[in-house]
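**Student:** Provided herewith: model15.pdb, PDB, N, CA and C atoms.
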ATOM      1  N   MET A   1       9.546  -1.875-121.942
ATOM      2  CA  MET A   1       8.292  -1.348-122.450
ATOM      3  C   MET A   1       8.288   0.172-122.317
ATOM      4  N   PRO A   2       7.640   0.817-123.262
ATOM      5  CA  PRO A   2       7.543   2.277-123.164
ATOM      6  C   PRO A   2       6.557   2.688-122.078
ATOM      7  N   ASN A   3       6.668   3.946-121.687
ATOM      8  CA  ASN A   3       5.745   4.520-120.708
ATOM      9  C   ASN A   3       4.902   5.599-121.363
ATOM     10  N   CYS A   4       3.672   5.755-120.865
ATOM     11  CA  CYS A   4       2.791   6.819-121.335
ATOM     12  C   CYS A   4       3.436   8.165-121.024
ATOM     13  N   LYS A   5       3.453   9.058-122.000
ATOM     14  CA  LYS A   5       4.066  10.372-121.808
ATOM     15  C   LYS A   5       3.288  11.241-120.833
ATOM     16  N   SER A   6       2.013  10.926-120.610
ATOM     17  CA  SER A   6       1.184  11.741-119.728
ATOM     18  C   SER A   6       1.147  11.249-118.288
ATOM     19  N   CYS A   7       0.935   9.948-118.104
ATOM     20  CA  CYS A   7       0.745   9.442-116.743
ATOM     21  C   CYS A   7       1.886   8.552-116.260
ATOM     22  N   GLY A   8       2.787   8.155-117.162
ATOM     23  CA  GLY A   8       3.941   7.351-116.786
ATOM     24  C   GLY A   8       3.693   5.853-116.700
ATOM     25  N   ALA A   9       2.466   5.406-116.969
ATOM     26  CA  ALA A   9       2.152   3.974-116.900
ATOM     27  C   ALA A   9       2.883   3.197-117.986
ATOM     28  N   SER A  10       3.177   1.954-117.703
ATOM     29  CA  SER A  10       3.814   1.070-118.679
ATOM     30  C   SER A  10       2.764   0.644-119.707
ATOM     31  N   ILE A  11       3.074   0.844-120.991
ATOM     32  CA  ILE A  11       2.130   0.533-122.065
ATOM     33  C   ILE A  11       2.811  -0.303-123.139
ATOM     34  N   ARG A  12       2.004  -0.856-124.032
ATOM     35  CA  ARG A  12       2.475  -1.545-125.236
ATOM     36  C   ARG A  12       1.780  -0.898-126.415
ATOM     37  N   TRP A  13       2.468  -0.828-127.530
ATOM     38  CA  TRP A  13       1.850  -0.368-128.769
ATOM     39  C   TRP A  13       1.535  -1.587-129.608
ATOM     40  N   VAL A  14       0.295  -1.673-130.069
ATOM     41  CA  VAL A  14      -0.133  -2.791-130.904
ATOM     42  C   VAL A  14      -0.803  -2.245-132.157
ATOM     43  N   LYS A  15      -0.876  -3.080-133.182
ATOM     44  CA  LYS A  15      -1.566  -2.713-134.425
ATOM     45  C   LYS A  15      -2.993  -3.237-134.371
ATOM     46  N   THR A  16      -3.926  -2.425-134.821
ATOM     47  CA  THR A  16      -5.316  -2.846-134.906
ATOM     48  C   THR A  16      -5.543  -3.557-136.235
ATOM     49  N   GLU A  17      -6.737  -4.089-136.412
ATOM     50  CA  GLU A  17      -7.078  -4.742-137.676
ATOM     51  C   GLU A  17      -7.010  -3.759-138.837
ATOM     52  N   ALA A  18      -7.214  -2.472-138.549
ATOM     53  CA  ALA A  18      -7.149  -1.439-139.581
ATOM     54  C   ALA A  18      -5.718  -0.972-139.838
ATOM     55  N   GLY A  19      -4.745  -1.534-139.109
ATOM     56  CA  GLY A  19      -3.348  -1.170-139.306
ATOM     57  C   GLY A  19      -2.899   0.056-138.532
ATOM     58  N   LYS A  20      -3.753   0.557-137.639
ATOM     59  CA  LYS A  20      -3.388   1.727-136.842
ATOM     60  C   LYS A  20      -2.730   1.290-135.540
ATOM     61  N   SER A  21      -1.880   2.161-134.991
ATOM     62  CA  SER A  21      -1.238   1.880-133.706
ATOM     63  C   SER A  21      -2.157   2.291-132.570
ATOM     64  N   MET A  22      -2.196   1.449-131.523
ATOM     65  CA  MET A  22      -3.046   1.723-130.375
ATOM     66  C   MET A  22      -2.274   1.368-129.110
ATOM     67  N   PRO A  23      -2.305   2.253-128.094
ATOM     68  CA  PRO A  23      -1.654   1.915-126.835
ATOM     69  C   PRO A  23      -2.589   1.064-125.975
ATOM     70  N   ILE A  24      -2.027   0.023-125.373
ATOM     71  CA  ILE A  24      -2.779  -0.783-124.416
ATOM     72  C   ILE A  24      -1.972  -0.848-123.130
ATOM     73  N   ASP A  25      -2.661  -1.089-122.018
ATOM     74  CA  ASP A  25      -1.947  -1.282-120.763
ATOM     75  C   ASP A  25      -1.058  -2.513-120.908
ATOM     76  N   ASP A  26       0.127  -2.441-120.360
ATOM     77  CA  ASP A  26       1.125  -3.492-120.538
ATOM     78  C   ASP A  26       0.705  -4.837-119.959
ATOM     79  N   LYS A  27       0.042  -4.831-118.838
ATOM     80  CA  LYS A  27      -0.300  -6.089-118.170
ATOM     81  C   LYS A  27      -1.689  -6.561-118.570
ATOM     82  N   PRO A  28      -1.856  -7.861-118.762
ATOM     83  CA  PRO A  28      -3.193  -8.391-119.042
ATOM     84  C   PRO A  28      -4.147  -8.065-117.899
ATOM     85  N   ASN A  29      -5.427  -7.953-118.242
ATOM     86  CA  ASN A  29      -6.444  -7.607-117.256
ATOM     87  C   ASN A  29      -7.710  -8.398-117.590
ATOM     88  N   PRO A  30      -8.222  -9.189-116.652
ATOM     89  CA  PRO A  30      -9.408  -9.994-116.944
ATOM     90  C   PRO A  30     -10.636  -9.156-117.301
ATOM     91  N   ALA A  31     -10.621  -7.869-116.982
ATOM     92  CA  ALA A  31     -11.736  -6.981-117.335
ATOM     93  C   ALA A  31     -11.588  -6.428-118.752
ATOM     94  N   GLY A  32     -10.482  -6.747-119.413
ATOM     95  CA  GLY A  32     -10.214  -6.206-120.745
ATOM     96  C   GLY A  32     -11.096  -6.798-121.824
ATOM     97  N   ASN A  33     -11.010  -6.177-123.010
ATOM     98  CA  ASN A  33     -11.781  -6.663-124.163
ATOM     99  C   ASN A  33     -10.934  -6.720-125.431
ATOM    100  N   ILE A  34      -9.624  -6.660-125.271
ATOM    101  CA  ILE A  34      -8.715  -6.697-126.412
ATOM    102  C   ILE A  34      -7.896  -7.984-126.351
ATOM    103  N   VAL A  35      -7.872  -8.690-127.462
ATOM    104  CA  VAL A  35      -7.087  -9.917-127.597
ATOM    105  C   VAL A  35      -6.043  -9.669-128.675
ATOM    106  N   ILE A  36      -4.834 -10.132-128.446
ATOM    107  CA  ILE A  36      -3.780 -10.003-129.450
ATOM    108  C   ILE A  36      -3.583 -11.377-130.079
ATOM    109  N   GLU A  37      -3.918 -11.466-131.366
ATOM    110  CA  GLU A  37      -3.798 -12.713-132.105
ATOM    111  C   GLU A  37      -2.956 -12.464-133.345
ATOM    112  N   ASN A  38      -1.907 -13.254-133.493
ATOM    113  CA  ASN A  38      -0.997 -13.109-134.640
ATOM    114  C   ASN A  38      -0.488 -11.681-134.781
ATOM    115  N   GLY A  39      -0.226 -11.034-133.651
ATOM    116  CA  GLY A  39       0.318  -9.684-133.652
ATOM    117  C   GLY A  39      -0.684  -8.577-133.922
ATOM    118  N   VAL A  40      -1.973  -8.909-134.008
ATOM    119  CA  VAL A  40      -3.013  -7.916-134.296
ATOM    120  C   VAL A  40      -3.965  -7.830-133.113
ATOM    121  N   ALA A  41      -4.266  -6.611-132.673
ATOM    122  CA  ALA A  41      -5.191  -6.388-131.570
ATOM    123  C   ALA A  41      -6.619  -6.356-132.098
ATOM    124  N   THR A  42      -7.460  -7.173-131.473
ATOM    125  CA  THR A  42      -8.857  -7.264-131.869
ATOM    126  C   THR A  42      -9.729  -7.026-130.644
ATOM    127  N   VAL A  43     -10.732  -6.164-130.782
ATOM    128  CA  VAL A  43     -11.690  -5.945-129.704
ATOM    129  C   VAL A  43     -12.696  -7.087-129.762
ATOM    130  N   ARG A  44     -12.913  -7.732-128.628
ATOM    131  CA  ARG A  44     -13.810  -8.888-128.563
ATOM    132  C   ARG A  44     -14.979  -8.587-127.636
ATOM    133  N   THR A  45     -16.147  -9.045-128.007
ATOM    134  CA  THR A  45     -17.311  -8.912-127.128
ATOM    135  C   THR A  45     -17.437 -10.122-126.217
ATOM    136  N   ASP A  46     -16.831 -11.244-126.622
ATOM    137  CA  ASP A  46     -16.824 -12.430-125.769
ATOM    138  C   ASP A  46     -15.525 -12.455-124.977
ATOM    139  N   LYS A  47     -15.443 -13.315-124.016
ATOM    140  CA  LYS A  47     -14.233 -13.454-123.202
ATOM    141  C   LYS A  47     -13.714 -14.885-123.383
ATOM    142  N   PRO A  48     -12.877 -15.115-124.407
ATOM    143  CA  PRO A  48     -12.388 -16.463-124.660
ATOM    144  C   PRO A  48     -11.639 -17.029-123.450
ATOM    145  N   ALA A  49     -11.898 -18.278-123.126
ATOM    146  CA  ALA A  49     -11.225 -18.933-121.999
ATOM    147  C   ALA A  49      -9.730 -19.057-122.282
ATOM    148  N   ASN A  50      -8.947 -18.949-121.237
ATOM    149  CA  ASN A  50      -7.492 -19.114-121.312
ATOM    150  C   ASN A  50      -6.840 -18.162-122.310
ATOM    151  N   THR A  51      -7.373 -16.954-122.411
ATOM    152  CA  THR A  51      -6.836 -15.943-123.317
ATOM    153  C   THR A  51      -6.472 -14.702-122.513
ATOM    154  N   ARG A  52      -5.332 -14.133-122.812
ATOM    155  CA  ARG A  52      -4.937 -12.887-122.151
ATOM    156  C   ARG A  52      -5.756 -11.740-122.738
ATOM    157  N   LEU A  53      -6.409 -11.008-121.877
ATOM    158  CA  LEU A  53      -7.194  -9.854-122.288
ATOM    159  C   LEU A  53      -6.475  -8.587-121.841
ATOM    160  N   TYR A  54      -6.560  -7.570-122.664
ATOM    161  CA  TYR A  54      -5.907  -6.293-122.375
ATOM    162  C   TYR A  54      -6.930  -5.170-122.440
ATOM    163  N   ILE A  55      -6.555  -4.023-121.870
ATOM    164  CA  ILE A  55      -7.400  -2.830-121.886
ATOM    165  C   ILE A  55      -6.681  -1.734-122.652
ATOM    166  N   SER A  56      -7.431  -1.024-123.483
ATOM    167  CA  SER A  56      -6.870   0.139-124.174
ATOM    168  C   SER A  56      -6.391   1.137-123.132
ATOM    169  N   HIS A  57      -5.231   1.706-123.346
ATOM    170  CA  HIS A  57      -4.737   2.692-122.383
ATOM    171  C   HIS A  57      -5.591   3.961-122.407
ATOM    172  N   PHE A  58      -6.310   4.194-123.484
ATOM    173  CA  PHE A  58      -7.230   5.334-123.511
ATOM    174  C   PHE A  58      -8.309   5.191-122.440
ATOM    175  N   ALA A  59      -8.633   3.969-122.054
ATOM    176  CA  ALA A  59      -9.669   3.732-121.047
ATOM    177  C   ALA A  59      -9.158   3.930-119.624
ATOM    178  N   THR A  60      -7.838   3.898-119.432
ATOM    179  CA  THR A  60      -7.295   3.984-118.081
ATOM    180  C   THR A  60      -6.454   5.228-117.820
ATOM    181  N   CYS A  61      -5.999   5.899-118.848
ATOM    182  CA  CYS A  61      -5.140   7.077-118.672
ATOM    183  C   CYS A  61      -5.973   8.292-118.284
ATOM    184  N   VAL A  62      -5.544   8.979-117.251
ATOM    185  CA  VAL A  62      -6.276  10.164-116.800
ATOM    186  C   VAL A  62      -6.159  11.317-117.793
ATOM    187  N   ASN A  63      -5.189  11.257-118.695
ATOM    188  CA  ASN A  63      -4.986  12.330-119.681
ATOM    189  C   ASN A  63      -5.283  11.879-121.109
ATOM    190  N   ALA A  64      -6.076  10.845-121.281
ATOM    191  CA  ALA A  64      -6.315  10.263-122.604
ATOM    192  C   ALA A  64      -6.857  11.270-123.606
ATOM    193  N   ALA A  65      -7.714  12.156-123.191
ATOM    194  CA  ALA A  65      -8.336  13.103-124.122
ATOM    195  C   ALA A  65      -7.301  13.971-124.830
ATOM    196  N   LYS A  66      -6.176  14.229-124.204
ATOM    197  CA  LYS A  66      -5.128  15.040-124.819
ATOM    198  C   LYS A  66      -4.456  14.353-126.002
ATOM    199  N   HIS A  67      -4.546  13.023-126.061
ATOM    200  CA  HIS A  67      -3.802  12.267-127.055
ATOM    201  C   HIS A  67      -4.653  11.615-128.129
ATOM    202  N   ARG A  68      -5.957  11.709-128.029
ATOM    203  CA  ARG A  68      -6.818  11.086-129.029
ATOM    204  C   ARG A  68      -6.720  11.840-130.334
ATOM    205  N   LYS A  69      -6.684  11.082-131.415
ATOM    206  CA  LYS A  69      -6.685  11.672-132.742
ATOM    207  C   LYS A  69      -8.066  11.476-133.343
ATOM    208  N   VAL A  70      -8.561  12.488-133.986
ATOM    209  CA  VAL A  70      -9.861  12.401-134.621
ATOM    210  C   VAL A  70      -9.627  12.246-136.111
ATOM    211  N   ASP A  71     -10.224  11.207-136.696
ATOM    212  CA  ASP A  71     -10.060  10.969-138.148
ATOM    213  C   ASP A  71     -11.057  11.773-138.931
TER     214      ASP A  71
END
Write out the structure in this file as C-alpha coordinates.
**Tutor:**
Amino acid sequence: MPNCKSCGASIRWVKTEAGKSMPIDDKPNPAGNIVIENGVATVRTDKPANTRLYISHFATCVNAAKHRKVD
(Lines of atoms letter the chains of each structure in order from A and count residues from 1; the text may use other names and numbers.)
(Lines give C-alpha, C1' and ligand atoms only; values in the text may rest on other atoms or scores of the structure.)
Protein backbone atom coordinates (compact mmCIF):
# COMPACT_ATOMS: atom_id res chain seq x y z
CA MET A 1 0.00 0.00 0.00
CA PRO A 2 1.16 3.53 -0.64
CA ASN A 3 1.98 5.95 2.14
CA CYS A 4 0.80 9.54 2.57
CA LYS A 5 3.52 11.89 1.34
CA SER A 6 2.91 14.23 4.29
CA CYS A 7 2.45 12.07 7.37
CA GLY A 8 3.67 8.64 6.21
CA ALA A 9 0.44 6.80 7.10
CA SER A 10 -0.59 3.78 5.05
CA ILE A 11 -3.42 4.77 2.68
CA ARG A 12 -5.50 3.37 -0.18
CA TRP A 13 -6.66 5.25 -3.24
CA VAL A 14 -10.27 4.63 -4.19
CA LYS A 15 -12.63 6.02 -6.83
CA THR A 16 -15.68 7.97 -5.75
CA GLU A 17 -19.08 7.77 -7.41
CA ALA A 18 -18.05 10.87 -9.39
CA GLY A 19 -14.96 9.03 -10.69
CA LYS A 20 -12.47 11.07 -8.66
CA SER A 21 -9.60 9.55 -6.68
CA MET A 22 -9.77 9.84 -2.90
CA PRO A 23 -7.29 8.70 -0.25
CA ILE A 24 -8.69 6.66 2.62
CA ASP A 25 -6.96 5.22 5.66
CA ASP A 26 -5.80 1.71 4.81
CA LYS A 27 -7.39 -0.07 7.75
CA PRO A 28 -11.14 -0.32 8.31
CA ASN A 29 -12.46 1.77 11.18
CA PRO A 30 -15.86 1.31 12.85
CA ALA A 31 -16.09 5.12 13.19
CA GLY A 32 -15.82 5.50 9.41
CA ASN A 33 -18.53 6.50 6.96
CA ILE A 34 -17.12 5.21 3.68
CA VAL A 35 -18.12 1.85 2.20
CA ILE A 36 -16.40 0.32 -0.81
CA GLU A 37 -18.90 -1.49 -3.01
CA ASN A 38 -17.99 -2.90 -6.42
CA GLY A 39 -14.76 -0.91 -6.32
CA VAL A 40 -16.51 2.43 -5.71
CA ALA A 41 -16.27 4.42 -2.47
CA THR A 42 -19.60 5.69 -1.20
CA VAL A 43 -20.17 7.94 1.81
CA ARG A 44 -22.93 6.43 3.94
CA THR A 45 -25.01 8.04 6.67
CA ASP A 46 -26.06 4.63 7.99
CA LYS A 47 -23.72 2.00 9.37
CA PRO A 48 -24.55 -1.25 7.54
CA ALA A 49 -24.03 -4.35 9.70
CA ASN A 50 -21.08 -6.59 8.84
CA THR A 51 -19.61 -3.98 6.49
CA ARG A 52 -16.08 -2.63 6.54
CA LEU A 53 -16.15 1.11 7.08
CA TYR A 54 -13.27 3.41 6.19
CA ILE A 55 -12.30 7.00 6.96
CA SER A 56 -11.14 9.56 4.42
CA HIS A 57 -7.48 10.26 4.98
CA PHE A 58 -8.31 13.97 4.75
CA ALA A 59 -10.08 13.53 8.10
CA THR A 60 -7.05 12.01 9.83
CA CYS A 61 -3.97 13.53 8.17
CA VAL A 62 -2.41 16.40 10.09
CA ASN A 63 -1.35 17.98 6.77
CA ALA A 64 -4.58 17.44 4.80
CA ALA A 65 -5.11 21.12 4.01
CA LYS A 66 -1.92 21.14 1.92
CA HIS A 67 -3.30 18.49 -0.43
CA ARG A 68 -6.94 19.42 -0.92
CA LYS A 69 -7.92 20.43 -4.40
CA VAL A 70 -10.60 23.03 -4.89
CA ASP A 71 -12.87 22.51 -7.91
**Student:** Which parts of stretch 22-66 of chain A does DSSP call strand (DSSP E) when run on the backbone here, written out as a count of residues only?
**Tutor:** 12
**Student:** Please measure the separation of atom CA of A:Ser56 and atom CA of A:Val43, giving the value in Å to one decimal.
**Tutor:**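 Distance reported for this atom pair: 9.5 Å.
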**Student:** Which residues are near A:Arg44? Cut-off 7 Å, only C-alpha atoms, ignore same chain within fewer than 5 positions. Put them as an MDAnalysis selection string.
**Tutor:** chainID A and resid 33:35
**Student:** Only N, CA and C atoms, please: the residues just picked out, written as a CSV table (one decimal), keeping the file's coordinate frame.
**Tutor:**
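Produced file part04.csv, reproduced below:
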chain,number,residue,atom,x,y,z
A,33,ASN,N,-11.0,-6.2,-123.0
A,33,ASN,CA,-11.8,-6.7,-124.2
A,33,ASN,C,-10.9,-6.7,-125.4
A,34,ILE,N,-9.6,-6.7,-125.3
A,34,ILE,CA,-8.7,-6.7,-126.4
A,34,ILE,C,-7.9,-8.0,-126.4
A,35,VAL,N,-7.9,-8.7,-127.5
A,35,VAL,CA,-7.1,-9.9,-127.6
A,35,VAL,C,-6.0,-9.7,-128.7
**Student:** Report as a list in words the full result of the PyMOL selection byres ((chain A and resi 53) around 6.5) when it is applied to this structure.
**Tutor:**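 That expression, the PyMOL selection byres ((chain A and resi 53) around 6.5), corresponds here to Lys27, Pro28, Asn29, Pro30, Ala31, Gly32, Asn33, Ile34, Val35, Thr51, Arg52, Tyr54 and Ile55 of chain A.
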**Student:** As an exercise, work out the distance from atom CA of A:Lys15 to atom C of A:Ala49 in Å and give it to one decimal place.
**Tutor:**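 The value is 21.9 Å.
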**Student:** For this structure, which residues satisfy the selection - the PyMOL selection byres (((chain A and resi 4-7 and name CA) around 8) and name CA) - when it is evaluated on the file as given? I want them as a list in words.
**Tutor:**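 Matching residues under the PyMOL selection byres (((chain A and resi 4-7 and name CA) around 8) and name CA) are Pro2, Asn3, Gly8, Ala9, Ser10, Ile11, Cys61, Val62 and Asn63 of chain A.
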